[in-house]
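S.K.: Pasting work17.cif below, which is mmCIF, C-alpha atoms.
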data_run
#
loop_
_atom_site.label_atom_id
_atom_site.label_comp_id
_atom_site.auth_asym_id
_atom_site.auth_seq_id
_atom_site.Cartn_x
_atom_site.Cartn_y
_atom_site.Cartn_z
CA MET A 8 83.15 84.23 139.19
CA ALA A 9 85.29 81.16 138.47
CA ASN A 10 83.45 80.53 135.19
CA LEU A 11 83.97 84.15 134.17
CA LEU A 12 87.72 83.88 134.77
CA ALA A 13 87.96 80.49 133.04
CA ASN A 14 86.02 81.80 130.05
CA GLY A 15 88.22 84.89 129.90
CA MET A 16 91.39 82.79 130.01
CA ALA A 17 90.05 80.51 127.25
CA TRP A 18 89.24 83.57 125.10
CA LEU A 19 92.70 85.05 125.70
CA ASN A 20 94.40 81.76 124.78
CA ASP A 21 92.36 81.62 121.57
CA GLN A 22 93.36 85.19 120.68
CA LEU A 23 97.05 84.50 121.38
CA ALA A 24 96.95 81.29 119.34
CA GLU A 25 95.37 83.13 116.42
CA HIS A 26 97.50 86.29 116.36
CA VAL A 27 100.84 85.45 118.00
CA ALA A 28 101.46 81.78 117.19
CA VAL A 29 104.29 80.62 114.95
CA THR A 30 104.63 77.33 113.12
CA MET A 31 107.21 74.85 114.39
CA ARG A 32 107.82 71.13 114.04
CA PHE A 33 107.81 68.88 117.10
CA HIS A 34 110.13 65.85 116.87
CA ARG A 35 110.29 62.59 118.80
CA LYS A 36 112.57 59.84 117.50
CA GLY A 37 111.62 59.39 113.83
CA GLN A 38 108.22 61.08 114.09
CA SER A 39 107.32 64.75 113.79
CA CYS A 40 104.28 66.97 113.45
CA GLU A 41 103.66 70.61 112.63
CA VAL A 42 102.26 72.64 115.52
CA GLN A 43 101.29 76.22 116.25
CA VAL A 44 103.16 77.48 119.31
CA ILE A 45 103.14 80.73 121.23
CA PRO A 46 106.80 81.50 121.91
CA ARG A 47 107.59 83.19 125.21
CA THR A 48 110.87 84.36 126.61
CA PRO A 49 111.36 83.46 130.28
CA ALA A 50 111.30 86.34 132.75
CA THR A 51 114.70 85.38 134.12
CA PRO A 52 117.82 85.95 131.98
CA PRO A 53 119.79 82.89 130.87
CA ILE A 54 122.36 83.11 133.67
CA SER A 55 123.86 79.83 134.82
CA PRO A 56 125.84 79.07 137.99
CA GLY A 57 128.96 79.66 135.87
CA GLY A 58 127.89 83.22 135.04
CA ALA A 59 126.53 84.88 131.94
CA PRO A 60 126.26 82.78 128.78
CA LEU A 61 129.16 82.87 126.35
CA ASN A 62 126.77 83.28 123.45
CA PRO A 63 123.72 85.35 124.45
CA SER A 64 121.94 84.50 121.18
CA ILE A 65 121.60 80.92 122.43
CA TYR A 66 118.93 81.15 125.05
CA GLU A 67 116.08 79.47 126.81
CA ARG A 68 112.69 79.78 125.16
CA ASP A 69 109.32 78.75 126.55
CA LEU A 70 106.79 77.45 124.03
CA ASP A 71 103.04 77.29 124.76
CA VAL A 72 101.35 74.56 122.76
CA ARG A 73 98.02 72.74 122.79
CA LEU A 74 98.57 69.23 124.07
CA ALA A 75 96.07 67.93 121.48
CA ASP A 76 98.37 69.18 118.68
CA LEU A 77 101.16 66.88 119.92
CA VAL A 78 99.05 63.76 120.39
CA SER A 79 99.91 62.30 116.95
CA VAL A 80 103.56 62.03 118.07
CA LEU A 81 103.26 61.79 121.87
CA GLY A 82 100.29 59.46 122.14
CA THR A 83 99.45 59.29 125.85
CA THR A 84 102.91 60.34 127.10
CA MET A 85 104.25 63.79 127.91
CA PRO A 86 107.22 65.68 126.37
CA SER A 87 110.65 64.43 127.44
CA SER A 88 114.24 65.66 127.30
CA PHE A 89 114.79 63.61 124.11
CA ASP A 90 112.20 65.65 122.19
CA TYR A 91 112.86 68.90 120.35
CA PHE A 92 111.29 71.60 118.18
CA THR A 93 112.58 73.08 114.93
CA GLU A 94 111.69 76.46 113.48
CA GLU A 95 112.48 77.82 110.02
CA ILE A 96 113.92 81.37 110.32
CA ASN A 97 115.36 83.09 107.22
CA GLY A 98 116.33 79.80 105.57
CA ARG A 99 117.93 78.40 108.73
CA LYS A 100 116.46 75.58 110.78
CA VAL A 101 116.78 76.51 114.47
CA VAL A 102 116.69 73.62 116.96
CA TYR A 103 115.16 73.97 120.44
CA LYS A 104 115.75 70.99 122.76
CA ILE A 105 113.31 70.37 125.59
CA THR A 106 115.10 70.89 128.89
CA GLN A 107 114.64 71.96 132.48
CA PRO A 108 114.86 75.69 133.15
CA ILE A 109 118.27 76.88 134.41
CA GLY A 110 116.67 77.71 137.75
CA GLY A 111 115.39 74.12 138.03
CA GLY A 112 111.90 72.71 137.86
CA PRO A 113 109.90 70.55 135.45
CA ARG A 114 110.35 70.48 131.66
CA PHE A 115 106.75 71.65 131.19
CA ASP A 116 104.00 73.37 133.16
CA TRP A 117 100.26 73.57 132.67
CA VAL A 118 99.26 76.99 131.34
CA ASN A 119 95.89 76.96 133.09
CA GLY A 120 93.71 74.62 135.12
CA ASP A 121 92.26 72.90 132.03
CA ARG A 122 93.39 69.27 131.64
CA GLY A 123 90.98 68.44 128.81
CA PRO A 124 91.61 68.08 125.06
CA GLU A 125 92.21 71.82 124.67
CA ALA A 126 94.74 72.04 127.52
CA ARG A 127 97.84 74.14 126.85
CA ILE A 128 101.25 73.39 128.29
CA ARG A 129 104.34 75.59 128.48
CA ILE A 130 107.39 73.60 127.40
CA HIS A 131 110.83 74.84 128.46
CA THR A 132 113.45 74.63 125.70
CA LYS A 133 116.99 75.77 124.98
CA GLN A 134 118.35 76.62 121.55
CA THR A 135 120.97 74.00 120.70
CA GLY A 136 121.92 75.04 117.19
CA ALA A 137 120.89 76.20 113.75
CA SER A 138 121.33 74.29 110.53
CA THR A 139 121.94 76.20 107.32
CA GLY A 140 121.87 73.16 105.03
CA GLU A 141 120.43 69.71 104.85
CA GLY A 142 121.48 67.35 107.59
CA ASP A 143 120.15 65.00 110.21
CA LEU A 144 118.79 66.99 113.14
CA MET A 145 118.16 63.93 115.33
CA LEU A 146 119.69 64.98 118.64
CA GLY A 147 121.39 61.62 119.08
CA LYS A 148 123.12 61.99 115.71
CA GLN A 149 124.34 65.54 116.15
CA ALA A 150 128.08 65.39 116.52
CA VAL A 151 130.25 67.51 118.74
CA ALA A 152 130.17 71.23 117.95
CA GLY A 153 132.53 72.16 115.17
CA ASN A 154 131.65 69.39 112.72
CA GLY A 155 130.33 71.90 110.19
CA THR A 156 126.67 70.85 110.24
CA LEU A 157 125.47 73.14 113.01
CA THR A 158 126.36 76.77 113.53
#
Mind turning the file's structure into structure tokens?
M.R.:
Amino acid sequence: MANLLANGMAWLNDQLAEHVAVTMRFHRKGQSCEVQVIPRTPATPPISPGGAPLNPSIYERDLDVRLADLVSVLGTTMPSSFDYFTEEINGRKVVYKITQPIGGGPRFDWVNGDRGPEARIRIHTKQTGASTGEGDLMLGKQAVAGNGTLT
């Protein structure tokens, strides 16, 4: 029975990756790579201890990605809070920083029991901004909000 369930989960992940995935760029320091991710919205709303968010369009977003697709940038390490994803939406570059979920917990979880080359992980991110022009999206170089480069 375990093989049947594992095979079914592998088939489902393949179908999701083929029909639901979107293209994003994964960034670490000066390196980046293009990856196919399955975006997921967390089941819990983005409510913090301070109450509802001031801007509900800025939200947490979980991204399922094959670990093998990130290996050219990550090497043998795992995603950290200094890494981020960018997605092109209607001419805007939306930035998603890797972070812990508001409710606490790790920055990423294993999607299934597979830890091999085809393993998928769910990375927890939060939208940190959207760039409408050309600019440096390195998180360490993003200035305080209101500098005109991020909206």
S.K.: Would you pick out the contacts of segment 30-39 of chain A at 9 Å or less, using all atoms listed in the file, so that residues sharing its chain but fewer than 5 positions from it are not included, and give the list as a PyMOL selection string?
M.R.: chain A and resi 44-45+77+79-81+86-87+89-95+145-146
S.K.: For atom CA of Glu125 of chain A and atom CA of Leu74 of chain A, quote the distance in Å rounded to one decimal.
M.R.: 6.9 Å
S.K.: Take the PyMOL selection byres ((chain A and resi 21) around 12), run it mentally on this structure, and tell me the resulting residues as an NGL selection string.
M.R.: :A and (14-20 or 22-28 or 43-45 or 71-73 or 125-127)
S.K.: May I have the residues from that selection written out with C-alpha atoms, as an mmCIF file, in the frame of the given file?
M.R.:
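Once everything was written out, this is result.cif:
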data_model
loop_
_atom_site.group_PDB
_atom_site.id
_atom_site.type_symbol
_atom_site.label_atom_id
_atom_site.label_comp_id
_atom_site.auth_asym_id
_atom_site.auth_seq_id
_atom_site.Cartn_x
_atom_site.Cartn_y
_atom_site.Cartn_z
ATOM 1 C CA ASN A 14 86.020 81.800 130.050
ATOM 2 C CA GLY A 15 88.220 84.890 129.900
ATOM 3 C CA MET A 16 91.390 82.790 130.010
ATOM 4 C CA ALA A 17 90.050 80.510 127.250
ATOM 5 C CA TRP A 18 89.240 83.570 125.100
ATOM 6 C CA LEU A 19 92.700 85.050 125.700
ATOM 7 C CA ASN A 20 94.400 81.760 124.780
ATOM 8 C CA GLN A 22 93.360 85.190 120.680
ATOM 9 C CA LEU A 23 97.050 84.500 121.380
ATOM 10 C CA ALA A 24 96.950 81.290 119.340
ATOM 11 C CA GLU A 25 95.370 83.130 116.420
ATOM 12 C CA HIS A 26 97.500 86.290 116.360
ATOM 13 C CA VAL A 27 100.840 85.450 118.000
ATOM 14 C CA ALA A 28 101.460 81.780 117.190
ATOM 15 C CA GLN A 43 101.290 76.220 116.250
ATOM 16 C CA VAL A 44 103.160 77.480 119.310
ATOM 17 C CA ILE A 45 103.140 80.730 121.230
ATOM 18 C CA ASP A 71 103.040 77.290 124.760
ATOM 19 C CA VAL A 72 101.350 74.560 122.760
ATOM 20 C CA ARG A 73 98.020 72.740 122.790
ATOM 21 C CA GLU A 125 92.210 71.820 124.670
ATOM 22 C CA ALA A 126 94.740 72.040 127.520
ATOM 23 C CA ARG A 127 97.840 74.140 126.850
#
S.K.: Could you spell out the hits of the PyMOL selection byres ((chain A and resi 108) around 10) on the shown file, as a list of chain:residue names?
M.R.: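 This file gives the following for the PyMOL selection byres ((chain A and resi 108) around 10): A:Pro49, A:Thr51, A:Pro53, A:Glu67, A:Arg68, A:Asp69, A:Ile105, A:Thr106, A:Gln107, A:Ile109, A:Gly110, A:Gly111, A:Gly112, A:Pro113, A:Arg114, A:Phe115, A:Ile130, A:His131, A:Thr132, A:Lys133.
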S.K.: Figure out the distance between atom CA of Arg122 of chain A and atom CA of Val101 of chain A, please, to one decimal in Å.
M.R.: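 If I compute the distance from atom CA of Val101 of chain A to atom CA of Arg122 of chain A, I get 29.9 Å.
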S.K.: A:Gly123, A:Asn10, A:Thr83, A:Val29: which is nearest Arg47 of chain A, counting all atoms listed in the file?
M.R.: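 So, comparing all the options, the nearest one is A:Val29.
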S.K.: In Å, how far is it from atom CA of Tyr66 of chain A to atom CA of Gly136 of chain A?
M.R.: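 So the answer is 10.4 Å.
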